[in-house]
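What follows is final_6.cif (mmCIF, C-alpha atoms and all ligand atoms).
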```cif
data_query
#
loop_
_atom_site.group_PDB
_atom_site.id
_atom_site.type_symbol
_atom_site.label_atom_id
_atom_site.label_comp_id
_atom_site.auth_asym_id
_atom_site.auth_seq_id
_atom_site.Cartn_x
_atom_site.Cartn_y
_atom_site.Cartn_z
ATOM 1 C CA MET A 13 6.105 -18.772 20.759
ATOM 2 C CA LEU A 14 6.819 -16.754 17.638
ATOM 3 C CA TYR A 15 5.813 -13.131 18.252
ATOM 4 C CA LEU A 16 5.199 -10.520 15.552
ATOM 5 C CA VAL A 17 5.976 -7.272 17.322
ATOM 6 C CA PRO A 18 4.873 -4.000 15.694
ATOM 7 C CA THR A 19 7.196 -1.035 16.215
ATOM 8 C CA PRO A 20 6.672 2.759 15.872
ATOM 9 C CA ILE A 21 6.059 4.209 12.387
ATOM 10 C CA GLY A 22 7.437 7.626 13.314
ATOM 11 C CA ASN A 23 6.885 8.333 16.980
ATOM 12 C CA LEU A 24 8.956 6.349 19.491
ATOM 13 C CA GLU A 25 6.140 6.623 22.038
ATOM 14 C CA ASP A 26 4.001 4.353 19.867
ATOM 15 C CA ILE A 27 5.138 1.097 21.385
ATOM 16 C CA THR A 28 3.029 -0.845 23.832
ATOM 17 C CA LEU A 29 4.087 -1.973 27.295
ATOM 18 C CA ARG A 30 3.496 -5.532 26.158
ATOM 19 C CA ALA A 31 5.720 -5.086 23.083
ATOM 20 C CA LEU A 32 8.548 -3.854 25.340
ATOM 21 C CA ARG A 33 8.075 -6.778 27.717
ATOM 22 C CA VAL A 34 8.079 -9.309 24.869
ATOM 23 C CA LEU A 35 11.187 -7.735 23.303
ATOM 24 C CA LYS A 36 12.887 -8.012 26.687
ATOM 25 C CA GLU A 37 11.852 -11.597 27.393
ATOM 26 C CA VAL A 38 12.373 -13.375 24.059
ATOM 27 C CA ALA A 39 15.625 -15.285 23.412
ATOM 28 C CA LEU A 40 16.123 -13.652 20.023
ATOM 29 C CA ILE A 41 14.796 -10.743 17.967
ATOM 30 C CA ALA A 42 14.844 -11.253 14.185
ATOM 31 C CA CYS A 43 15.067 -7.754 12.660
ATOM 32 C CA GLU A 44 14.633 -6.410 9.147
ATOM 33 C CA ASP A 45 17.658 -4.197 9.914
ATOM 34 C CA THR A 46 19.546 -4.918 13.134
ATOM 35 C CA ARG A 47 21.132 -1.424 13.285
ATOM 36 C CA HIS A 48 17.749 0.236 12.934
ATOM 37 C CA THR A 49 16.157 -1.931 15.643
ATOM 38 C CA ARG A 50 19.190 -1.511 17.915
ATOM 39 C CA LYS A 51 18.339 2.211 18.165
ATOM 40 C CA LEU A 52 14.852 1.342 19.399
ATOM 41 C CA LEU A 53 16.223 -1.255 21.831
ATOM 42 C CA ASN A 54 18.837 1.184 23.143
ATOM 43 C CA HIS A 55 16.169 3.827 23.639
ATOM 44 C CA TYR A 56 14.332 1.394 25.943
ATOM 45 C CA ASN A 57 17.490 -0.084 27.521
ATOM 46 C CA LEU A 58 16.944 -3.544 26.068
ATOM 47 C CA ASP A 59 19.877 -5.801 25.228
ATOM 48 C CA THR A 60 18.167 -8.857 23.738
ATOM 49 C CA PRO A 61 20.277 -10.584 21.029
ATOM 50 C CA THR A 62 19.290 -9.766 17.443
ATOM 51 C CA ILE A 63 19.769 -11.362 14.018
ATOM 52 C CA SER A 64 18.934 -9.985 10.605
ATOM 53 C CA TYR A 65 15.802 -11.177 8.863
ATOM 54 C CA HIS A 66 15.084 -9.410 5.583
ATOM 55 C CA GLU A 67 13.724 -10.150 2.126
ATOM 56 C CA HIS A 68 17.107 -11.438 0.895
ATOM 57 C CA ASN A 69 17.735 -13.975 3.670
ATOM 58 C CA GLU A 70 14.133 -14.589 4.768
ATOM 59 C CA HIS A 71 14.117 -18.165 3.455
ATOM 60 C CA ASP A 72 17.558 -19.030 4.935
ATOM 61 C CA ARG A 73 16.645 -17.691 8.358
ATOM 62 C CA VAL A 74 13.588 -19.940 8.635
ATOM 63 C CA ALA A 75 15.631 -23.006 9.630
ATOM 64 C CA LEU A 76 17.505 -21.088 12.321
ATOM 65 C CA ILE A 77 14.357 -19.579 13.826
ATOM 66 C CA LEU A 78 12.481 -22.909 13.752
ATOM 67 C CA GLU A 79 15.433 -24.480 15.547
ATOM 68 C CA ARG A 80 15.155 -21.919 18.356
ATOM 69 C CA LEU A 81 11.412 -22.520 18.627
ATOM 70 C CA GLN A 82 12.115 -26.257 18.719
ATOM 71 C CA GLN A 83 14.405 -25.616 21.722
ATOM 72 C CA ASN A 84 11.420 -24.028 23.489
ATOM 73 C CA GLN A 85 12.784 -20.519 23.074
ATOM 74 C CA SER A 86 10.597 -17.598 22.061
ATOM 75 C CA VAL A 87 11.521 -15.464 19.074
ATOM 76 C CA ALA A 88 10.233 -12.000 18.102
ATOM 77 C CA ILE A 89 10.070 -10.709 14.537
ATOM 78 C CA VAL A 90 10.273 -6.947 14.004
ATOM 79 C CA SER A 91 10.490 -4.863 10.855
ATOM 80 C CA ASP A 92 11.867 -1.329 10.546
ATOM 81 C CA ALA A 93 8.447 0.142 11.253
ATOM 82 C CA GLY A 94 4.891 -1.002 11.808
ATOM 83 C CA MET A 95 3.565 -4.526 11.633
ATOM 84 C CA PRO A 96 5.963 -7.217 10.373
ATOM 85 C CA GLY A 97 4.504 -9.131 7.442
ATOM 86 C CA ILE A 98 2.490 -6.139 6.177
ATOM 87 C CA SER A 99 4.449 -4.980 3.091
ATOM 88 C CA ASP A 100 7.453 -6.121 5.135
ATOM 89 C CA PRO A 101 9.266 -9.432 5.755
ATOM 90 C CA GLY A 102 7.496 -11.825 8.110
ATOM 91 C CA ALA A 103 5.032 -13.902 6.125
ATOM 92 C CA VAL A 104 7.540 -16.650 5.221
ATOM 93 C CA ILE A 105 8.545 -17.456 8.810
ATOM 94 C CA VAL A 106 4.921 -17.241 9.981
ATOM 95 C CA ARG A 107 3.851 -19.800 7.381
ATOM 96 C CA ALA A 108 6.776 -22.065 8.250
ATOM 97 C CA ALA A 109 6.104 -21.855 12.013
ATOM 98 C CA VAL A 110 2.383 -22.468 11.563
ATOM 99 C CA THR A 111 3.086 -25.452 9.297
ATOM 100 C CA ALA A 112 5.558 -26.862 11.831
ATOM 101 C CA GLY A 113 2.907 -26.533 14.555
ATOM 102 C CA PHE A 114 4.508 -23.757 16.665
ATOM 103 C CA PRO A 115 2.285 -21.137 18.292
ATOM 104 C CA VAL A 116 2.373 -17.770 16.501
ATOM 105 C CA THR A 117 0.889 -14.516 17.707
ATOM 106 C CA ALA A 118 0.895 -10.871 16.592
ATOM 107 C CA LEU A 119 0.842 -8.058 19.124
ATOM 108 C CA PRO A 120 -1.579 -5.239 18.232
ATOM 109 C CA GLY A 121 0.188 -1.976 17.445
ATOM 110 C CA PRO A 122 1.232 0.562 14.819
ATOM 111 C CA CYS A 123 0.411 -0.104 11.194
ATOM 112 C CA ALA A 124 0.422 2.828 8.769
ATOM 113 C CA PHE A 125 -2.582 1.871 6.676
ATOM 114 C CA VAL A 126 -4.824 1.135 9.665
ATOM 115 C CA ALA A 127 -4.140 4.588 11.142
ATOM 116 C CA ALA A 128 -4.606 6.257 7.734
ATOM 117 C CA LEU A 129 -7.861 4.445 7.008
ATOM 118 C CA ALA A 130 -9.305 5.124 10.466
ATOM 119 C CA ALA A 131 -8.765 8.891 10.154
ATOM 120 C CA SER A 132 -9.448 9.227 6.422
ATOM 121 C CA GLY A 133 -13.193 9.825 6.712
ATOM 122 C CA MET A 134 -13.683 7.230 3.974
ATOM 123 C CA ASN A 135 -15.641 3.980 4.072
ATOM 124 C CA THR A 136 -13.958 1.833 6.716
ATOM 125 C CA GLU A 137 -16.561 -0.941 6.699
ATOM 126 C CA SER A 138 -14.876 -2.616 3.810
ATOM 127 C CA PHE A 139 -11.471 -1.881 2.385
ATOM 128 C CA TYR A 140 -8.972 -3.525 0.072
ATOM 129 C CA PHE A 141 -5.315 -3.238 1.023
ATOM 130 C CA ALA A 142 -3.295 -3.406 -2.187
ATOM 131 C CA GLY A 143 0.157 -2.555 -0.783
ATOM 132 C CA PHE A 144 2.563 -0.963 -3.273
ATOM 133 C CA LEU A 145 1.443 -0.568 -6.892
ATOM 134 C CA PRO A 146 3.940 -1.782 -9.529
ATOM 135 C CA ALA A 147 6.696 0.698 -10.401
ATOM 136 C CA LYS A 148 6.264 0.436 -14.185
ATOM 137 C CA LYS A 149 3.454 2.428 -15.779
ATOM 138 C CA GLN A 150 1.883 -0.371 -17.829
ATOM 139 C CA ALA A 151 1.898 -2.823 -14.922
ATOM 140 C CA ARG A 152 0.494 -0.109 -12.637
ATOM 141 C CA HIS A 153 -2.319 0.599 -15.113
ATOM 142 C CA ASN A 154 -3.112 -3.101 -15.301
ATOM 143 C CA ALA A 155 -3.125 -3.425 -11.506
ATOM 144 C CA LEU A 156 -5.483 -0.445 -11.207
ATOM 145 C CA GLN A 157 -7.782 -1.909 -13.886
ATOM 146 C CA GLN A 158 -8.025 -5.069 -11.760
ATOM 147 C CA LEU A 159 -9.210 -2.958 -8.826
ATOM 148 C CA ALA A 160 -11.612 -0.717 -10.776
ATOM 149 C CA GLN A 161 -14.815 -2.599 -9.900
ATOM 150 C CA ILE A 162 -14.056 -3.157 -6.216
ATOM 151 C CA GLU A 163 -16.587 -1.363 -4.041
ATOM 152 C CA ALA A 164 -14.385 -1.260 -0.927
ATOM 153 C CA THR A 165 -12.017 1.624 -0.155
ATOM 154 C CA LEU A 166 -8.721 0.974 -1.971
ATOM 155 C CA VAL A 167 -5.629 1.368 0.195
ATOM 156 C CA PHE A 168 -2.072 1.708 -1.118
ATOM 157 C CA TYR A 169 1.425 2.370 0.165
ATOM 158 C CA GLU A 170 3.471 4.658 -2.068
ATOM 159 C CA ALA A 171 6.949 6.120 -2.225
ATOM 160 C CA PRO A 172 7.259 9.932 -2.431
ATOM 161 C CA HIS A 173 8.930 9.901 -5.848
ATOM 162 C CA ARG A 174 6.023 7.912 -7.314
ATOM 163 C CA ILE A 175 3.016 9.501 -5.646
ATOM 164 C CA HIS A 176 2.344 11.941 -8.495
ATOM 165 C CA GLU A 177 2.417 9.335 -11.267
ATOM 166 C CA CYS A 178 0.382 6.993 -9.122
ATOM 167 C CA LEU A 179 -2.327 9.678 -8.663
ATOM 168 C CA ARG A 180 -2.212 10.439 -12.397
ATOM 169 C CA ASP A 181 -2.674 6.770 -13.329
ATOM 170 C CA ALA A 182 -5.413 6.270 -10.729
ATOM 171 C CA LEU A 183 -7.230 9.283 -12.209
ATOM 172 C CA GLU A 184 -6.889 7.864 -15.721
ATOM 173 C CA VAL A 185 -8.118 4.409 -14.820
ATOM 174 C CA LEU A 186 -10.607 5.015 -11.994
ATOM 175 C CA GLY A 187 -11.873 8.511 -12.827
ATOM 176 C CA ASN A 188 -11.938 11.462 -10.455
ATOM 177 C CA ARG A 189 -12.825 9.580 -7.273
ATOM 178 C CA GLN A 190 -12.631 10.981 -3.758
ATOM 179 C CA ALA A 191 -9.306 10.106 -2.137
ATOM 180 C CA THR A 192 -7.078 10.737 0.871
ATOM 181 C CA VAL A 193 -3.339 11.079 1.082
ATOM 182 C CA ALA A 194 -2.086 10.428 4.627
ATOM 183 C CA ARG A 195 1.479 11.663 4.930
ATOM 184 C CA GLU A 196 4.098 11.304 7.679
ATOM 185 C CA LEU A 197 1.702 9.681 10.143
ATOM 186 C CA SER A 198 2.576 10.155 13.803
ATOM 187 C CA LYS A 199 5.466 12.475 12.861
ATOM 188 C CA HIS A 200 5.936 16.216 13.209
ATOM 189 C CA PHE A 201 4.628 17.000 9.702
ATOM 190 C CA GLU A 202 1.674 14.605 9.719
ATOM 191 C CA GLN A 203 -0.861 15.661 7.104
ATOM 192 C CA TYR A 204 -4.174 14.419 5.727
ATOM 193 C CA LEU A 205 -5.240 15.665 2.300
ATOM 194 C CA ARG A 206 -8.847 14.652 1.639
ATOM 195 C CA LEU A 207 -9.574 15.636 -1.978
ATOM 196 C CA PRO A 208 -10.637 14.195 -5.336
ATOM 197 C CA LEU A 209 -7.796 12.497 -7.251
ATOM 198 C CA LYS A 210 -7.414 15.323 -9.769
ATOM 199 C CA GLU A 211 -6.890 17.949 -7.040
ATOM 200 C CA LEU A 212 -4.468 15.702 -5.193
ATOM 201 C CA MET A 213 -2.480 15.244 -8.378
ATOM 202 C CA HIS A 214 -2.374 19.038 -8.921
ATOM 203 C CA HIS A 215 -1.380 19.535 -5.279
ATOM 204 C CA PHE A 216 1.805 17.528 -5.821
ATOM 205 C CA GLU A 217 2.646 19.571 -8.915
ATOM 206 C CA THR A 218 3.216 22.578 -6.676
ATOM 207 C CA HIS A 219 4.266 20.818 -3.448
ATOM 208 C CA GLU A 220 7.232 18.506 -3.623
ATOM 209 C CA PRO A 221 6.164 15.131 -2.166
ATOM 210 C CA ARG A 222 8.271 14.405 0.910
ATOM 211 C CA GLY A 223 8.064 11.670 3.520
ATOM 212 C CA GLU A 224 5.960 8.538 3.701
ATOM 213 C CA PHE A 225 2.529 8.159 2.151
ATOM 214 C CA VAL A 226 -0.615 6.095 2.401
ATOM 215 C CA LEU A 227 -3.074 6.634 -0.446
ATOM 216 C CA LEU A 228 -6.751 5.767 -0.053
ATOM 217 C CA ILE A 229 -9.203 5.894 -2.954
ATOM 218 C CA ALA A 230 -12.995 5.547 -2.730
ATOM 219 C CA GLY A 231 -14.267 2.221 -4.041
ATOM 220 C CA TYR A 232 -16.381 1.794 -7.158
ATOM 221 C CA ASN A 233 -19.852 3.194 -6.598
ATOM 222 C CA PRO A 234 -22.483 1.127 -8.423
ATOM 223 C CA VAL A 235 -25.280 3.478 -7.236
ATOM 224 C CA GLU A 236 -23.942 6.231 -9.476
ATOM 225 C CA PRO A 237 -24.769 5.455 -13.087
ATOM 226 C CA ALA A 238 -21.927 3.381 -14.483
ATOM 227 C CA PRO A 239 -19.927 5.034 -17.245
ATOM 228 C CA ALA A 240 -21.524 2.735 -19.815
ATOM 229 C CA THR A 241 -25.033 3.934 -18.878
ATOM 230 C CA GLN A 242 -24.041 7.573 -18.713
ATOM 231 C CA THR A 243 -22.645 7.335 -22.159
ATOM 232 C CA GLU A 244 -24.946 4.878 -23.856
ATOM 233 C CA SER A 245 -26.000 7.462 -26.376
ATOM 234 C CA GLU A 246 -22.400 8.376 -27.248
ATOM 235 C CA THR A 247 -20.844 6.580 -30.162
ATOM 236 C CA LEU A 248 -17.756 4.549 -29.476
ATOM 237 C CA LEU A 249 -15.496 7.087 -31.126
ATOM 238 C CA ALA A 250 -17.105 10.058 -29.391
ATOM 239 C CA ARG A 251 -16.660 8.285 -26.067
ATOM 240 C CA ILE A 252 -12.934 7.784 -26.720
ATOM 241 C CA GLU A 253 -12.572 11.470 -27.535
ATOM 242 C CA THR A 254 -14.546 12.528 -24.437
ATOM 243 C CA LEU A 255 -12.352 10.388 -22.199
ATOM 244 C CA MET A 256 -9.180 11.751 -23.774
ATOM 245 C CA GLN A 257 -10.337 15.326 -23.234
ATOM 246 C CA GLU A 258 -11.877 14.928 -19.770
ATOM 247 C CA ARG A 259 -9.048 12.890 -18.268
ATOM 248 C CA GLY A 260 -6.151 14.063 -20.405
ATOM 249 C CA ILE A 261 -5.282 10.462 -21.289
ATOM 250 C CA SER A 262 -3.840 8.885 -24.433
ATOM 251 C CA ALA A 263 -5.972 7.292 -27.161
ATOM 252 C CA ASN A 264 -4.639 3.889 -26.091
ATOM 253 C CA ALA A 265 -5.678 4.379 -22.465
ATOM 254 C CA ALA A 266 -9.118 5.631 -23.586
ATOM 255 C CA ILE A 267 -9.540 2.639 -25.918
ATOM 256 C CA LYS A 268 -8.820 0.296 -23.026
ATOM 257 C CA LEU A 269 -11.385 2.043 -20.796
ATOM 258 C CA VAL A 270 -14.057 2.070 -23.516
ATOM 259 C CA SER A 271 -13.513 -1.617 -24.201
ATOM 260 C CA GLN A 272 -14.152 -2.290 -20.511
ATOM 261 C CA GLU A 273 -17.148 0.041 -20.270
ATOM 262 C CA ARG A 274 -18.834 -1.507 -23.279
ATOM 263 C CA GLY A 275 -17.708 -5.081 -22.708
ATOM 264 C CA ILE A 276 -16.119 -5.387 -26.142
ATOM 265 C CA SER A 277 -12.592 -6.372 -26.992
ATOM 266 C CA LYS A 278 -9.826 -3.787 -27.078
ATOM 267 C CA ARG A 279 -8.902 -4.898 -30.564
ATOM 268 C CA GLU A 280 -12.445 -4.227 -31.826
ATOM 269 C CA VAL A 281 -12.477 -0.719 -30.319
ATOM 270 C CA TYR A 282 -8.998 -0.082 -31.671
ATOM 271 C CA ASN A 283 -9.988 -1.211 -35.185
ATOM 272 C CA GLN A 284 -12.933 1.213 -35.218
ATOM 273 C CA TRP A 285 -10.710 3.994 -33.898
ATOM 274 C CA ILE A 286 -8.094 3.623 -36.637
ATOM 275 C CA LYS A 287 -10.790 3.436 -39.349
ATOM 276 C CA LYS A 288 -12.238 6.833 -38.351
HETATM 277 N N1 LIG B 301 4.907 -2.754 7.958
HETATM 278 C C1 LIG B 301 4.578 -1.357 7.776
HETATM 279 C C2 LIG B 301 3.195 -1.090 8.366
HETATM 280 O O1 LIG B 301 2.724 -1.880 9.166
HETATM 281 O O2 LIG B 301 2.590 -0.069 8.045
HETATM 282 C C3 LIG B 301 4.677 -0.944 6.333
HETATM 283 C C4 LIG B 301 6.055 -1.091 5.757
HETATM 284 S S1 LIG B 301 6.200 -0.571 4.113
HETATM 285 C C5 LIG B 301 7.779 -1.176 3.688
HETATM 286 C C6 LIG B 301 6.549 1.134 4.249
HETATM 287 C C7 LIG B 301 5.419 1.989 3.683
HETATM 288 O O3 LIG B 301 4.411 2.158 4.672
HETATM 289 C C8 LIG B 301 5.868 3.406 3.340
HETATM 290 O O4 LIG B 301 6.424 3.469 2.039
HETATM 291 C C9 LIG B 301 4.571 4.162 3.411
HETATM 292 O O5 LIG B 301 3.792 3.958 2.255
HETATM 293 C C10 LIG B 301 3.880 3.462 4.602
HETATM 294 N N2 LIG B 301 4.229 4.148 5.855
HETATM 295 C C11 LIG B 301 5.057 3.712 6.817
HETATM 296 N N3 LIG B 301 5.150 4.630 7.815
HETATM 297 C C12 LIG B 301 4.359 5.661 7.456
HETATM 298 C C13 LIG B 301 4.023 6.911 8.051
HETATM 299 N N4 LIG B 301 4.548 7.280 9.207
HETATM 300 N N5 LIG B 301 3.166 7.721 7.393
HETATM 301 C C14 LIG B 301 2.622 7.350 6.209
HETATM 302 N N6 LIG B 301 2.897 6.188 5.603
HETATM 303 C C15 LIG B 301 3.753 5.352 6.212
#
```

Now, as a test, write the supplied structure out as structure tokens.
Amino acid sequence: MLYLVPTPIGNLEDITLRALRVLKEVALIACEDTRHTRKLLNHYNLDTPTISYHEHNEHDRVALILERLQQNQSVAIVSDAGMPGISDPGAVIVRAAVTAGFPVTALPGPCAFVAALAASGMNTESFYFAGFLPAKKQARHNALQQLAQIEATLVFYEAPHRIHECLRDALEVLGNRQATVARELSKHFEQYLRLPLKELMHHFETHEPRGEFVLLIAGYNPVEPAPATQTESETLLARIETLMQERGISANAAIKLVSQERGISKREVYNQWIKK
């Protein structure tokens, strides 16, 4: 059996009795970082052999792990925190084991976005987990544009040094939607900030972002009049200016939004803008 074993995301108590038993009984634990996992194993007096299994050797390790499964041994996969395979290594070996016909199972347990979503107060009936947004501004804008019409709650992981620019870009592309920042879950300084995007962005201008973050943004709401309907009477150029003023965005970003709102090409909007 190949086991995916979730581990604590901040509080060592968040490990199940079953996870401890599996970690004790398997022949081998494949770890994202063996030193990191060793601390957890030491804490629970476990001395199961470990090997490294991370994004740089994920493909090479597959053969070794499949060989152990072939010998009827069980192997556990763990990442540094939370559920392996969720924004963490794991998916490659799972696919390989499934393809080779070995049984694969995941133990239920800690996963940052599930905890954040459950306590966010936002729509949990449907959600879209988007993982980490791209680091570069243009790519991040494009990724957000792709998500703009999704009605489910949007869920992201984000690093502290990028949370402010991520909120700023989300505000530019999605408008001032309701959002939640879930910070340092299960740790001493756990915090939920449930505010519109603009206020969240301002919050991090006066509070240095520290720790680990999950960002949740309300999905597109088709019941509210869509921007195109709200602004039907506005001329194209007036709409660009309104967006620039209201959202504090560049002419280029506003041109992109208007082209989407009105269903006309960016080039056409741009040509009208430069003729003004
Ligand atoms: N596999 C993990 C899981 O199941 O949640 C996610 C691993 S991913 C590399 C790490 C990201 O998860 C962090 O950058 C942060 O966005 C989020 N995260 C992990 N632990 C967290 C915590 N205690 N509080 C808030 N976010 C957390």

Within 8 Å of ligand LIG 301 (chain B), counting all atoms listed in the file, residues as number ranges by chain: A: 18, 21-22, 91-100, 122-126, 128, 144, 168-172, 194-199, 202, 223-227

Residues just named, written with C-alpha atoms as a PDB file, in the coordinates of the input:
```pdb
ATOM      1  CA  PRO A  18       4.873  -4.000  15.694  1.00  0.00           C
ATOM      2  CA  ILE A  21       6.059   4.209  12.387  1.00  0.00           C
ATOM      3  CA  GLY A  22       7.437   7.626  13.314  1.00  0.00           C
ATOM      4  CA  SER A  91      10.490  -4.863  10.855  1.00  0.00           C
ATOM      5  CA  ASP A  92      11.867  -1.329  10.546  1.00  0.00           C
ATOM      6  CA  ALA A  93       8.447   0.142  11.253  1.00  0.00           C
ATOM      7  CA  GLY A  94       4.891  -1.002  11.808  1.00  0.00           C
ATOM      8  CA  MET A  95       3.565  -4.526  11.633  1.00  0.00           C
ATOM      9  CA  PRO A  96       5.963  -7.217  10.373  1.00  0.00           C
ATOM     10  CA  GLY A  97       4.504  -9.131   7.442  1.00  0.00           C
ATOM     11  CA  ILE A  98       2.490  -6.139   6.177  1.00  0.00           C
ATOM     12  CA  SER A  99       4.449  -4.980   3.091  1.00  0.00           C
ATOM     13  CA  ASP A 100       7.453  -6.121   5.135  1.00  0.00           C
ATOM     14  CA  PRO A 122       1.232   0.562  14.819  1.00  0.00           C
ATOM     15  CA  CYS A 123       0.411  -0.104  11.194  1.00  0.00           C
ATOM     16  CA  ALA A 124       0.422   2.828   8.769  1.00  0.00           C
ATOM     17  CA  PHE A 125      -2.582   1.871   6.676  1.00  0.00           C
ATOM     18  CA  VAL A 126      -4.824   1.135   9.665  1.00  0.00           C
ATOM     19  CA  ALA A 128      -4.606   6.257   7.734  1.00  0.00           C
ATOM     20  CA  PHE A 144       2.563  -0.963  -3.273  1.00  0.00           C
ATOM     21  CA  PHE A 168      -2.072   1.708  -1.118  1.00  0.00           C
ATOM     22  CA  TYR A 169       1.425   2.370   0.165  1.00  0.00           C
ATOM     23  CA  GLU A 170       3.471   4.658  -2.068  1.00  0.00           C
ATOM     24  CA  ALA A 171       6.949   6.120  -2.225  1.00  0.00           C
ATOM     25  CA  PRO A 172       7.259   9.932  -2.431  1.00  0.00           C
ATOM     26  CA  ALA A 194      -2.086  10.428   4.627  1.00  0.00           C
ATOM     27  CA  ARG A 195       1.479  11.663   4.930  1.00  0.00           C
ATOM     28  CA  GLU A 196       4.098  11.304   7.679  1.00  0.00           C
ATOM     29  CA  LEU A 197       1.702   9.681  10.143  1.00  0.00           C
ATOM     30  CA  SER A 198       2.576  10.155  13.803  1.00  0.00           C
ATOM     31  CA  LYS A 199       5.466  12.475  12.861  1.00  0.00           C
ATOM     32  CA  GLU A 202       1.674  14.605   9.719  1.00  0.00           C
ATOM     33  CA  GLY A 223       8.064  11.670   3.520  1.00  0.00           C
ATOM     34  CA  GLU A 224       5.960   8.538   3.701  1.00  0.00           C
ATOM     35  CA  PHE A 225       2.529   8.159   2.151  1.00  0.00           C
ATOM     36  CA  VAL A 226      -0.615   6.095   2.401  1.00  0.00           C
ATOM     37  CA  LEU A 227      -3.074   6.634  -0.446  1.00  0.00           C
TER      38      LEU A 227
END
```

Residues matched by the PyMOL selection byres (((chain A and resi 262-267) around 7) and not hetatm) as a PyMOL selection string: chain A and resi 252+255-256+260-261+268-271+278+281-282

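CA of Val106 in chain A to CA of Tyr15 in chain A spans 9.3 Å [interatomic distance, one decimal].
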
Selected residue of minimal separation from Arg30 in chain A among A:Leu16, A:Glu70, A:Pro61, A:Ala142, counting all atoms listed in the file: A:Leu16

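You will find CA of Pro146 in chain A at 23.7 Å from CA of Tyr204 in chain A.
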
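Interatomic distance, CA of Ile276 in chain A to CA of Val185 in chain A: 17.0 Å.
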
For range 45-48 of chain A, list every protein, DNA or RNA residue within 7 Å, evaluated using all atoms listed in the file, and leave out those in the same chain fewer than 5 positions away; present the list as a compact mmCIF listing (two decimals) with C-alpha atoms, in the frame of the given file.
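Wrote it out as selection_25.txt, contents follow:
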```txt
# COMPACT_ATOMS: atom_id res chain seq x y z
CA THR A 62 19.29 -9.77 17.44
CA ILE A 63 19.77 -11.36 14.02
CA SER A 64 18.93 -9.98 10.60
CA ASP A 92 11.87 -1.33 10.55
```

Residue IDs satisfying the PyMOL selection byres (((chain A and resi 104) around 12) and not hetatm), as number ranges by chain: A: 65-75, 77-78, 89, 96-98, 100-103, 105-111

Local residues around (-13.1, -5.9, -6.4), at most 12 Å away, using all atoms listed in the file, as number ranges by chain: A: 138-142, 155-166, 231-234

Residue among A:Ile175, A:Leu207, A:Leu14, A:Leu212 lying closest to Leu119 in chain A, counting all atoms listed in the file: A:Leu14

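You can rank A:Leu76, A:Ala147, A:Ala88, A:Ala118 by their closest distance to Ile41 in chain A using only C-alpha atoms, and at the top of that list sits A:Ala88.
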
Hits from the PyMOL selection byres (((chain A and resi 35) around 9) and not hetatm), listed as a PDB file with C-alpha atoms, in the frame of the given file:
```
ATOM      1  CA  VAL A  17       5.976  -7.272  17.322  1.00  0.00           C
ATOM      2  CA  ARG A  30       3.496  -5.532  26.158  1.00  0.00           C
ATOM      3  CA  ALA A  31       5.720  -5.086  23.083  1.00  0.00           C
ATOM      4  CA  LEU A  32       8.548  -3.854  25.340  1.00  0.00           C
ATOM      5  CA  ARG A  33       8.075  -6.778  27.717  1.00  0.00           C
ATOM      6  CA  VAL A  34       8.079  -9.309  24.869  1.00  0.00           C
ATOM      7  CA  LYS A  36      12.887  -8.012  26.687  1.00  0.00           C
ATOM      8  CA  GLU A  37      11.852 -11.597  27.393  1.00  0.00           C
ATOM      9  CA  VAL A  38      12.373 -13.375  24.059  1.00  0.00           C
ATOM     10  CA  ALA A  39      15.625 -15.285  23.412  1.00  0.00           C
ATOM     11  CA  LEU A  40      16.123 -13.652  20.023  1.00  0.00           C
ATOM     12  CA  ILE A  41      14.796 -10.743  17.967  1.00  0.00           C
ATOM     13  CA  LEU A  53      16.223  -1.255  21.831  1.00  0.00           C
ATOM     14  CA  LEU A  58      16.944  -3.544  26.068  1.00  0.00           C
ATOM     15  CA  THR A  60      18.167  -8.857  23.738  1.00  0.00           C
ATOM     16  CA  VAL A  87      11.521 -15.464  19.074  1.00  0.00           C
ATOM     17  CA  ALA A  88      10.233 -12.000  18.102  1.00  0.00           C
TER      18      ALA A  88
END
```
